[in-house]
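Trainee: Below is the file protein_8.cif, with mmCIF, C-alpha atoms.
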data_entry
#
loop_
_atom_site.label_atom_id
_atom_site.label_comp_id
_atom_site.auth_asym_id
_atom_site.auth_seq_id
_atom_site.Cartn_x
_atom_site.Cartn_y
_atom_site.Cartn_z
CA MET V 2 36.27 12.03 7.11
CA THR V 3 33.26 12.43 9.38
CA GLU V 4 30.54 9.79 9.54
CA PRO V 5 27.40 10.62 7.55
CA LEU V 6 24.40 11.64 9.62
CA VAL V 7 21.30 9.53 9.05
CA PHE V 8 17.74 10.59 9.82
CA ARG V 9 15.11 7.87 9.52
CA PHE V 10 11.35 8.26 9.47
CA ASN V 11 8.39 5.97 9.18
CA VAL V 12 5.83 7.56 6.88
CA ASP V 13 2.36 6.72 8.11
CA GLY V 14 0.19 5.81 5.16
CA SER V 15 -3.11 5.90 6.97
CA ASP V 16 -4.00 9.55 6.61
CA PHE V 17 -3.05 12.85 5.12
CA THR V 18 -3.00 14.76 8.34
CA SER V 19 0.46 13.50 9.24
CA ALA V 20 1.88 13.71 5.70
CA GLY V 21 4.71 16.20 5.61
CA GLN V 22 5.83 15.67 9.19
CA ALA V 23 9.04 13.91 8.18
CA SER V 24 9.86 16.69 5.71
CA VAL V 25 9.27 19.38 8.29
CA HIS V 26 11.55 17.48 10.73
CA VAL V 27 14.26 17.15 8.11
CA LYS V 28 14.04 20.82 7.31
CA LYS V 29 14.54 21.65 10.97
CA ASN V 30 17.44 19.21 11.32
CA LEU V 31 19.21 20.54 8.23
CA ARG V 32 18.75 24.08 9.45
CA GLU V 33 20.39 23.16 12.73
CA LEU V 34 23.30 21.69 10.77
CA GLY V 35 23.70 25.07 9.10
CA LEU V 36 23.14 23.93 5.52
CA PRO V 37 22.45 26.65 2.91
CA PRO V 38 18.72 27.62 2.69
CA GLU V 39 18.48 26.76 -1.02
CA ILE V 40 19.77 23.23 -0.36
CA ILE V 41 17.31 22.83 2.50
CA ARG V 42 14.48 24.04 0.29
CA ARG V 43 15.32 21.53 -2.44
CA VAL V 44 15.63 18.64 0.01
CA SER V 45 12.33 19.61 1.67
CA ILE V 46 10.42 19.80 -1.61
CA ALA V 47 11.77 16.48 -2.93
CA MET V 48 11.14 14.77 0.36
CA TYR V 49 7.63 16.14 0.78
CA GLU V 50 6.64 15.01 -2.70
CA GLY V 51 8.02 11.58 -1.92
CA GLU V 52 6.18 11.42 1.36
CA ILE V 53 2.90 12.40 -0.27
CA ASN V 54 3.42 9.79 -2.99
CA MET V 55 3.96 7.10 -0.36
CA VAL V 56 0.75 8.12 1.41
CA ILE V 57 -1.34 8.32 -1.79
CA HIS V 58 -0.06 5.21 -3.52
CA ALA V 59 1.80 2.88 -1.18
CA ASN V 60 0.18 3.01 2.26
CA GLY V 61 3.30 4.62 3.70
CA GLY V 62 6.91 3.54 3.82
CA VAL V 63 10.30 4.51 5.19
CA ALA V 64 12.24 7.67 4.44
CA GLU V 65 15.95 8.11 5.14
CA VAL V 66 17.95 11.26 4.79
CA ILE V 67 21.71 10.83 4.79
CA VAL V 68 23.85 13.91 5.19
CA SER V 69 27.48 13.48 4.22
CA GLU V 70 30.24 15.95 3.47
CA ASP V 71 29.41 16.31 -0.19
CA ALA V 72 25.70 15.53 -0.53
CA VAL V 73 22.31 15.06 1.05
CA GLU V 74 20.80 11.76 -0.03
CA ILE V 75 17.11 10.94 0.32
CA VAL V 76 16.05 7.29 0.14
CA LEU V 77 12.34 6.49 0.05
CA LYS V 78 11.27 2.86 0.31
CA ASP V 79 7.78 1.49 0.12
CA GLN V 80 6.07 -1.82 -0.37
CA GLY V 81 3.31 -0.38 -2.49
CA PRO V 82 2.01 -1.46 -5.88
CA GLY V 83 5.10 -0.37 -7.84
CA ILE V 84 5.15 1.87 -10.92
CA PRO V 85 4.23 -0.02 -14.12
CA ASN V 86 5.56 2.66 -16.49
CA VAL V 87 8.21 4.93 -14.99
CA GLU V 88 8.64 7.02 -18.12
CA GLN V 89 4.94 7.84 -18.13
CA ALA V 90 4.93 8.53 -14.39
CA MET V 91 7.77 11.03 -14.85
CA GLN V 92 5.71 13.18 -17.21
CA GLU V 93 4.32 16.38 -15.72
CA GLY V 94 0.57 16.12 -15.39
CA PHE V 95 0.39 12.32 -15.48
CA SER V 96 -1.35 11.06 -12.35
CA THR V 97 -3.02 7.91 -11.13
CA ALA V 98 -4.09 9.51 -7.85
CA PRO V 99 -7.76 9.04 -6.95
CA SER V 100 -10.06 12.06 -7.28
CA SER V 101 -10.49 12.13 -3.49
CA VAL V 102 -6.92 13.35 -3.07
CA GLN V 103 -7.24 15.84 -5.90
CA SER V 104 -9.77 17.74 -3.81
CA LEU V 105 -7.02 18.10 -1.19
CA GLY V 106 -4.76 19.80 -3.72
CA PHE V 107 -2.71 16.74 -4.70
CA GLY V 108 -2.69 14.41 -7.66
CA ALA V 109 -1.63 17.03 -10.20
CA GLY V 110 0.99 14.74 -11.66
CA MET V 111 3.81 16.92 -10.38
CA GLY V 112 5.24 14.72 -7.64
CA LEU V 113 7.92 12.74 -9.44
CA PRO V 114 8.76 15.58 -11.88
CA ASN V 115 9.26 17.92 -8.91
CA MET V 116 11.48 15.37 -7.20
CA LYS V 117 13.63 15.19 -10.32
CA ARG V 118 13.68 18.94 -10.81
CA TYR V 119 14.86 19.73 -7.31
CA THR V 120 17.56 17.06 -7.00
CA ASP V 121 20.83 16.46 -8.84
CA THR V 122 20.40 12.72 -9.32
CA MET V 123 17.36 10.49 -9.02
CA GLU V 124 17.08 6.74 -9.42
CA ILE V 125 13.89 4.72 -9.30
CA GLU V 126 13.86 1.00 -8.62
CA THR V 127 10.38 -0.39 -8.86
CA GLU V 128 8.67 -3.72 -9.28
CA VAL V 129 4.96 -4.11 -9.76
CA GLY V 130 3.41 -5.80 -6.75
CA VAL V 131 6.61 -5.52 -4.70
CA GLY V 132 7.36 -1.86 -4.11
CA THR V 133 9.43 1.15 -5.04
CA THR V 134 12.71 2.62 -3.85
CA ILE V 135 13.70 6.11 -4.90
CA ARG V 136 17.19 7.51 -4.28
CA MET V 137 17.82 11.19 -4.76
CA LYS V 138 20.97 13.22 -4.19
CA ILE V 139 21.53 16.90 -3.78
CA PHE V 140 25.20 17.81 -3.96
CA LEU V 141 26.59 20.31 -1.50
CA LYS V 142 29.58 21.34 -3.59
CA MET N 72 4.86 45.63 4.00
CA THR N 73 4.64 43.41 7.06
CA VAL N 74 1.96 40.83 7.74
CA ARG N 75 0.70 42.95 10.64
CA GLU N 76 0.15 45.88 8.27
CA LEU N 77 -2.06 43.71 6.05
CA LEU N 78 -4.65 43.73 8.81
CA GLU N 79 -5.02 47.50 8.47
CA GLN N 80 -5.87 46.98 4.79
CA GLY N 81 -8.98 44.89 5.19
CA PHE N 82 -7.47 41.42 5.56
CA THR N 83 -8.67 39.45 8.56
CA GLU N 84 -6.41 37.69 11.05
CA VAL N 85 -6.79 33.93 11.24
CA THR N 86 -3.55 33.44 13.12
CA ILE N 87 -0.42 35.59 13.02
CA PRO N 88 2.34 34.09 15.13
CA GLU N 89 5.00 36.10 13.27
CA PRO N 90 3.47 39.54 12.62
CA ASP N 91 6.67 41.33 11.66
CA ARG N 92 7.50 39.19 8.65
CA GLU N 93 8.04 41.27 5.54
CA ILE N 94 6.01 40.30 2.45
CA ARG N 95 7.99 40.10 -0.78
CA GLY N 96 5.93 39.23 -3.83
CA ALA N 97 2.94 36.95 -4.07
CA TYR N 98 1.97 33.58 -5.49
CA MET N 99 -1.49 32.26 -6.20
CA GLY N 100 -2.28 28.55 -6.52
CA ASP N 101 -4.17 25.61 -5.06
CA LEU N 102 -2.23 22.62 -6.38
CA LEU N 103 0.13 21.97 -3.54
CA SER N 104 2.96 20.44 -5.59
CA TRP N 105 2.89 23.43 -7.85
CA VAL N 106 3.00 25.80 -4.91
CA MET N 107 5.80 23.82 -3.23
CA GLY N 108 7.96 24.17 -6.28
CA ARG N 109 7.19 27.73 -7.25
CA CYS N 110 6.07 29.85 -4.32
CA ARG N 111 9.02 31.95 -3.19
CA GLU N 112 10.06 32.31 0.39
CA ASP N 113 8.56 35.46 1.98
CA ALA N 114 5.79 35.71 -0.64
CA ALA N 115 2.12 36.01 0.19
CA TRP N 116 0.50 32.73 -0.90
CA LEU N 117 -3.10 33.12 -2.05
CA THR N 118 -5.19 29.96 -1.96
CA ILE N 119 -8.67 28.60 -1.45
CA MET N 120 -7.35 25.40 0.11
CA SER N 121 -7.87 25.08 3.84
CA ASN N 122 -6.84 21.54 4.72
CA VAL N 123 -4.00 20.52 7.00
CA ASN N 124 -1.60 20.00 4.10
CA VAL N 125 -1.64 23.73 3.43
CA ILE N 126 0.15 24.17 6.74
CA ALA N 127 2.75 21.51 5.84
CA VAL N 128 3.41 23.18 2.48
CA ALA N 129 3.61 26.59 4.13
CA SER N 130 6.08 25.23 6.71
CA LEU N 131 8.30 23.96 3.89
CA ALA N 132 7.95 26.65 1.22
CA ASN N 133 8.00 29.33 3.94
CA PRO N 134 5.82 32.11 2.51
CA ALA N 135 5.45 35.18 4.75
CA VAL N 136 1.71 34.64 4.95
CA VAL N 137 -1.04 32.37 3.63
CA VAL N 138 -3.95 34.45 2.32
CA LEU N 139 -7.21 32.51 2.25
CA THR N 140 -9.44 34.08 -0.38
CA GLU N 141 -13.12 33.85 -1.33
CA GLY N 142 -14.24 33.79 2.31
CA VAL N 143 -12.46 30.50 3.07
CA THR N 144 -11.66 29.97 6.74
CA LEU N 145 -9.57 27.44 8.66
CA PRO N 146 -11.07 24.79 10.91
CA ASP N 147 -10.06 25.48 14.50
CA GLU N 148 -7.66 22.56 14.87
CA ILE N 149 -5.81 23.59 11.72
CA ARG N 150 -5.63 27.20 12.89
CA ILE N 151 -4.02 25.99 16.12
CA LEU N 152 -1.57 23.85 14.12
CA ALA N 153 -0.64 26.86 11.96
CA GLU N 154 -0.02 28.90 15.07
CA SER N 155 2.19 26.21 16.58
CA LYS N 156 4.23 25.96 13.35
CA GLY N 157 4.69 29.71 13.09
CA VAL N 158 2.61 29.93 9.91
CA ASN N 159 0.86 33.28 9.42
CA VAL N 160 -2.66 33.03 7.97
CA VAL N 161 -5.08 35.81 7.02
CA SER N 162 -8.36 35.69 5.15
CA THR N 163 -10.41 37.88 2.85
CA GLU N 164 -13.88 37.75 1.34
CA LEU N 165 -12.45 38.97 -1.97
CA PRO N 166 -12.29 36.56 -4.91
CA SER N 167 -8.73 35.33 -5.54
CA TYR N 168 -8.01 37.58 -8.52
CA GLU N 169 -9.28 40.69 -6.78
CA ALA N 170 -7.34 39.82 -3.65
CA ALA N 171 -4.20 39.46 -5.79
CA VAL N 172 -4.82 42.84 -7.43
CA GLU N 173 -5.31 44.42 -4.02
CA LEU N 174 -2.12 42.82 -2.67
CA SER N 175 -0.21 43.90 -5.72
CA LYS N 176 -1.06 47.54 -4.96
CA LEU N 177 -0.10 47.14 -1.32
CA ILE N 178 3.24 45.42 -1.68
CA SER N 179 4.64 47.04 -4.80
#
Translate the structure of the given file into structure tokens.
Mentor:
Amino acid sequence: MTEPLVFRFNVDGSDFTSAGQASVHVKKNLRELGLPPEIIRRVSIAMYEGEINMVIHANGGVAEVIVSEDAVEIVLKDQGPGIPNVEQAMQEGFSTAPSSVQSLGFGAGMGLPNMKRYTDTMEIETEVGVGTTIRMKIFLK
Amino acid sequence: MTVRELLEQGFTEVTIPEPDREIRGAYMGDLLSWVMGRCREDAAWLTIMSNVNVIAVASLANPAVVVLTEGVTLPDEIRILAESKGVNVVSTELPSYEAAVELSKLIS
């Protein structure tokens, strides 16, 4: 059994210009590992949505991508405000993003639903005032 | 049709680092999450958005070309970023719908 590969990124919450950098890095890394394009696409989409969420809502955080023999796992941790109502947040179109980010093309209420859609499993641990951790897995087999 | 050939059809080059990419289909949208999830690889992506996140989404969703419609242009620093990421970008004065109709004729 080979050791899982771990990629770790700090997501800078200060501005939108760097948002997406971690996802683009991961995409490149997974390509170099020779993973199937459809898997890479799903990981990239889920990770990008997570990154954007951390920038919009949580002033950044930490993203880890763990590649093992049978799955790619994405773990996103932030110390933001937490999600008061996860069920509501999971609904397509529900957004608490400020209007300033909507003018950039975000805040459509598609972030979490897209993360769920493009991964095989997704778990959200969140506590208001403490932060949120999201774990997503995409199986390789 | 390749991205290079688009230029002969009235679309204007913004930056075309990969001119020989073949265009297969098209997608129109400005909500980036929506585009991320639905724009197919190798499509032409029509949008009026011109901020830096467009380049991130294009790097991930990997359309053949971003088509800026309605006379939208890219700020210079974003154009340079697109070039460095290998993201093709063209522009047109046409409104989005008309640009889509035009593209539909060209790539079908």
Trainee: Hey, list the chain N side of the contact with chain V: 7 Å cut-off, all atoms listed in the file, answer as a list in words.
Mentor: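 Therefore, the residues near the partner are Asp101, Leu102, Leu103, Ser104, Met107, Gly108, Asn122, Val123, Asn124, Ala127, Ser130 and Leu131 of chain N.
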Trainee: Please identify all polymer residues lying at most 10 Å from the point (28.8, 26.0, -0.4) (file coordinates), using only C-alpha atoms, and present the result as number ranges by chain.
Mentor: V: 36-37, 40, 71, 140-142
Trainee: Those same residues - C-alpha atoms - I'd like them written as a PDB file, keeping the file's coordinate frame.
Mentor:
ATOM      1  CA  LEU V  36      23.140  23.930   5.520  1.00  0.00           C
ATOM      2  CA  PRO V  37      22.450  26.650   2.910  1.00  0.00           C
ATOM      3  CA  ILE V  40      19.770  23.230  -0.360  1.00  0.00           C
ATOM      4  CA  ASP V  71      29.410  16.310  -0.190  1.00  0.00           C
ATOM      5  CA  PHE V 140      25.200  17.810  -3.960  1.00  0.00           C
ATOM      6  CA  LEU V 141      26.590  20.310  -1.500  1.00  0.00           C
ATOM      7  CA  LYS V 142      29.580  21.340  -3.590  1.00  0.00           C
TER       8      LYS V 142
END
Trainee: List every protein, DNA or RNA residue that has at least one atom no more than 12 Å from (0.0, 33.4, 13.8) in the file's coordinates, counting all atoms listed in the file, and write the result as a count of residues only.
Mentor: 29
Trainee: Residues near Phe8 in chain V, anyone? I mean within 8 Å using only C-alpha atoms, not counting same-chain ones fewer than 2 positions away, as a compact mmCIF listing (two decimals) with C-alpha atoms, in the frame of the given file.
Mentor:
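Written output follows (out_13.txt):
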# COMPACT_ATOMS: atom_id res chain seq x y z
CA LEU V 6 24.40 11.64 9.62
CA PHE V 10 11.35 8.26 9.47
CA VAL V 27 14.26 17.15 8.11
CA GLU V 65 15.95 8.11 5.14
CA VAL V 66 17.95 11.26 4.79
CA ILE V 67 21.71 10.83 4.79
Trainee: Might you pull out every residue within 12 Å of Met55 in chain V, with all atoms listed in the file counted and same-chain residues fewer than 6 positions away left off, and present them as a CSV table (one decimal) with C-alpha atoms, in the frame of the given file?
Mentor:
chain,number,residue,atom,x,y,z
V,11,ASN,CA,8.4,6.0,9.2
V,12,VAL,CA,5.8,7.6,6.9
V,13,ASP,CA,2.4,6.7,8.1
V,14,GLY,CA,0.2,5.8,5.2
V,15,SER,CA,-3.1,5.9,7.0
V,16,ASP,CA,-4.0,9.6,6.6
V,17,PHE,CA,-3.0,12.8,5.1
V,20,ALA,CA,1.9,13.7,5.7
V,21,GLY,CA,4.7,16.2,5.6
V,48,MET,CA,11.1,14.8,0.4
V,49,TYR,CA,7.6,16.1,0.8
V,61,GLY,CA,3.3,4.6,3.7
V,62,GLY,CA,6.9,3.5,3.8
V,63,VAL,CA,10.3,4.5,5.2
V,64,ALA,CA,12.2,7.7,4.4
V,77,LEU,CA,12.3,6.5,0.0
V,78,LYS,CA,11.3,2.9,0.3
V,79,ASP,CA,7.8,1.5,0.1
V,80,GLN,CA,6.1,-1.8,-0.4
V,81,GLY,CA,3.3,-0.4,-2.5
V,82,PRO,CA,2.0,-1.5,-5.9
V,83,GLY,CA,5.1,-0.4,-7.8
V,84,ILE,CA,5.2,1.9,-10.9
V,98,ALA,CA,-4.1,9.5,-7.8
V,112,GLY,CA,5.2,14.7,-7.6
V,113,LEU,CA,7.9,12.7,-9.4
V,132,GLY,CA,7.4,-1.9,-4.1
V,133,THR,CA,9.4,1.2,-5.0
V,134,THR,CA,12.7,2.6,-3.8
V,135,ILE,CA,13.7,6.1,-4.9
Trainee: Taking all atoms listed in the file into account, which of N:Thr144, N:Asn133, N:Ser179, N:Thr73 comes nearest Trp116 in chain N?
Mentor: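 Using all atoms listed in the file, the shortest distance to Trp116 in chain N belongs to N:Asn133.
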Trainee: Enumerate, as a list in words, the residues matched when the PyMOL selection byres ((chain V and resi 122) around 10) is run on the file above.
Mentor: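 Checked against the file, the PyMOL selection byres ((chain V and resi 122) around 10) matches Glu74, Met116, Lys117, Arg118, Tyr119, Thr120, Asp121, Met123, Glu124, Arg136, Met137, Lys138, Ile139 and Phe140 of chain V.
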Trainee: Would you mind reading off the distance between CA of Glu4 in chain V and CA of Thr127 in chain V, one decimal, in Å?
Mentor: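 Interatomic distance here is 29.1 Å.
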Trainee: Might I get the box with edges along x, y and z of the file that holds all atoms of range 147-154 of chain N listed there, padded by 4 Å on every side, given as centre and edge lengths in Å to one decimal, as AutoDock Vina command-line options?
Mentor:
--center_x -5.0 --center_y 25.7 --center_z 13.9 --size_x 18.0 --size_y 14.3 --size_z 12.4
Trainee: What is the CA of Ile178 in chain N to CA of Pro146 in chain N distance in Å?
Mentor: 28.1 Å
Trainee: Given the file above and the PyMOL selection byres ((chain N and resi 143) around 10), which residues are selected, and can you give them as a ChimeraX atom specification?
Mentor: /N:118-121,138-142,144-146,161-165
Trainee: Between CA of Leu117 in chain N and CA of Ile94 in chain N, what is the spacing in Å?
Mentor: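 Distance between the two atoms: 12.4 Å.
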Trainee: Please rebuild range 128-139 of chain V with all heavy atoms and give the result as a short mmCIF file (atom, residue, chain, number, x, y, z; two decimals), in the frame of the given file.
Mentor:
data_model
loop_
_atom_site.label_atom_id
_atom_site.label_comp_id
_atom_site.auth_asym_id
_atom_site.auth_seq_id
_atom_site.Cartn_x
_atom_site.Cartn_y
_atom_site.Cartn_z
N GLU V 128 9.16 -2.44 -8.78
CA GLU V 128 8.67 -3.72 -9.28
C GLU V 128 7.18 -3.81 -8.95
O GLU V 128 6.79 -3.65 -7.78
CB GLU V 128 9.44 -4.87 -8.63
CG GLU V 128 9.25 -6.17 -9.36
CD GLU V 128 10.07 -7.31 -8.75
OE1 GLU V 128 11.08 -7.05 -8.07
OE2 GLU V 128 9.65 -8.46 -8.95
N VAL V 129 6.41 -4.05 -9.97
CA VAL V 129 4.96 -4.11 -9.76
C VAL V 129 4.61 -5.22 -8.76
O VAL V 129 5.10 -6.34 -8.87
CB VAL V 129 4.23 -4.33 -11.11
CG1 VAL V 129 2.74 -4.58 -10.90
CG2 VAL V 129 4.43 -3.11 -12.01
N GLY V 130 3.84 -4.83 -7.77
CA GLY V 130 3.41 -5.80 -6.75
C GLY V 130 4.41 -5.96 -5.61
O GLY V 130 4.13 -6.64 -4.63
N VAL V 131 5.58 -5.35 -5.73
CA VAL V 131 6.61 -5.52 -4.70
C VAL V 131 6.91 -4.21 -3.97
O VAL V 131 6.95 -4.15 -2.74
CB VAL V 131 7.92 -6.08 -5.32
CG1 VAL V 131 9.02 -6.19 -4.27
CG2 VAL V 131 7.66 -7.44 -5.95
N GLY V 132 7.10 -3.15 -4.74
CA GLY V 132 7.36 -1.86 -4.11
C GLY V 132 8.30 -0.99 -4.92
O GLY V 132 8.74 -1.37 -6.01
N THR V 133 8.61 0.16 -4.35
CA THR V 133 9.43 1.15 -5.04
C THR V 133 10.46 1.72 -4.08
O THR V 133 10.17 1.96 -2.91
CB THR V 133 8.53 2.30 -5.56
OG1 THR V 133 7.57 1.75 -6.48
CG2 THR V 133 9.34 3.38 -6.28
N THR V 134 11.68 1.89 -4.60
CA THR V 134 12.71 2.62 -3.85
C THR V 134 13.21 3.76 -4.73
O THR V 134 13.53 3.55 -5.90
CB THR V 134 13.90 1.70 -3.49
OG1 THR V 134 13.40 0.65 -2.66
CG2 THR V 134 14.99 2.46 -2.76
N ILE V 135 13.20 4.94 -4.16
CA ILE V 135 13.70 6.11 -4.90
C ILE V 135 14.89 6.69 -4.15
O ILE V 135 14.83 6.90 -2.93
CB ILE V 135 12.59 7.17 -5.06
CG1 ILE V 135 11.44 6.59 -5.88
CG2 ILE V 135 13.14 8.44 -5.71
CD1 ILE V 135 10.31 7.55 -6.15
N ARG V 136 15.99 6.89 -4.87
CA ARG V 136 17.19 7.51 -4.28
C ARG V 136 17.44 8.83 -4.98
O ARG V 136 17.54 8.88 -6.21
CB ARG V 136 18.42 6.62 -4.49
CG ARG V 136 18.37 5.32 -3.75
CD ARG V 136 19.49 4.38 -4.21
NE ARG V 136 19.16 3.03 -3.80
CZ ARG V 136 19.35 2.56 -2.57
NH1 ARG V 136 19.91 3.33 -1.65
NH2 ARG V 136 18.98 1.34 -2.25
N MET V 137 17.55 9.87 -4.18
CA MET V 137 17.82 11.19 -4.76
C MET V 137 19.02 11.81 -4.05
O MET V 137 19.19 11.60 -2.85
CB MET V 137 16.62 12.11 -4.54
CG MET V 137 15.38 11.66 -5.26
SD MET V 137 13.93 12.64 -4.78
CE MET V 137 13.47 11.88 -3.24
N LYS V 138 19.83 12.54 -4.81
CA LYS V 138 20.97 13.22 -4.19
C LYS V 138 20.97 14.69 -4.54
O LYS V 138 20.67 15.08 -5.68
CB LYS V 138 22.28 12.60 -4.69
CG LYS V 138 22.80 11.49 -3.80
CD LYS V 138 24.20 11.11 -4.19
CE LYS V 138 24.65 9.92 -3.33
NZ LYS V 138 25.97 9.45 -3.71
N ILE V 139 21.31 15.47 -3.56
CA ILE V 139 21.53 16.90 -3.78
C ILE V 139 22.96 17.18 -3.33
O ILE V 139 23.31 16.96 -2.17
CB ILE V 139 20.52 17.73 -2.97
CG1 ILE V 139 19.13 17.50 -3.57
CG2 ILE V 139 20.88 19.21 -2.99
CD1 ILE V 139 18.00 18.00 -2.73
#
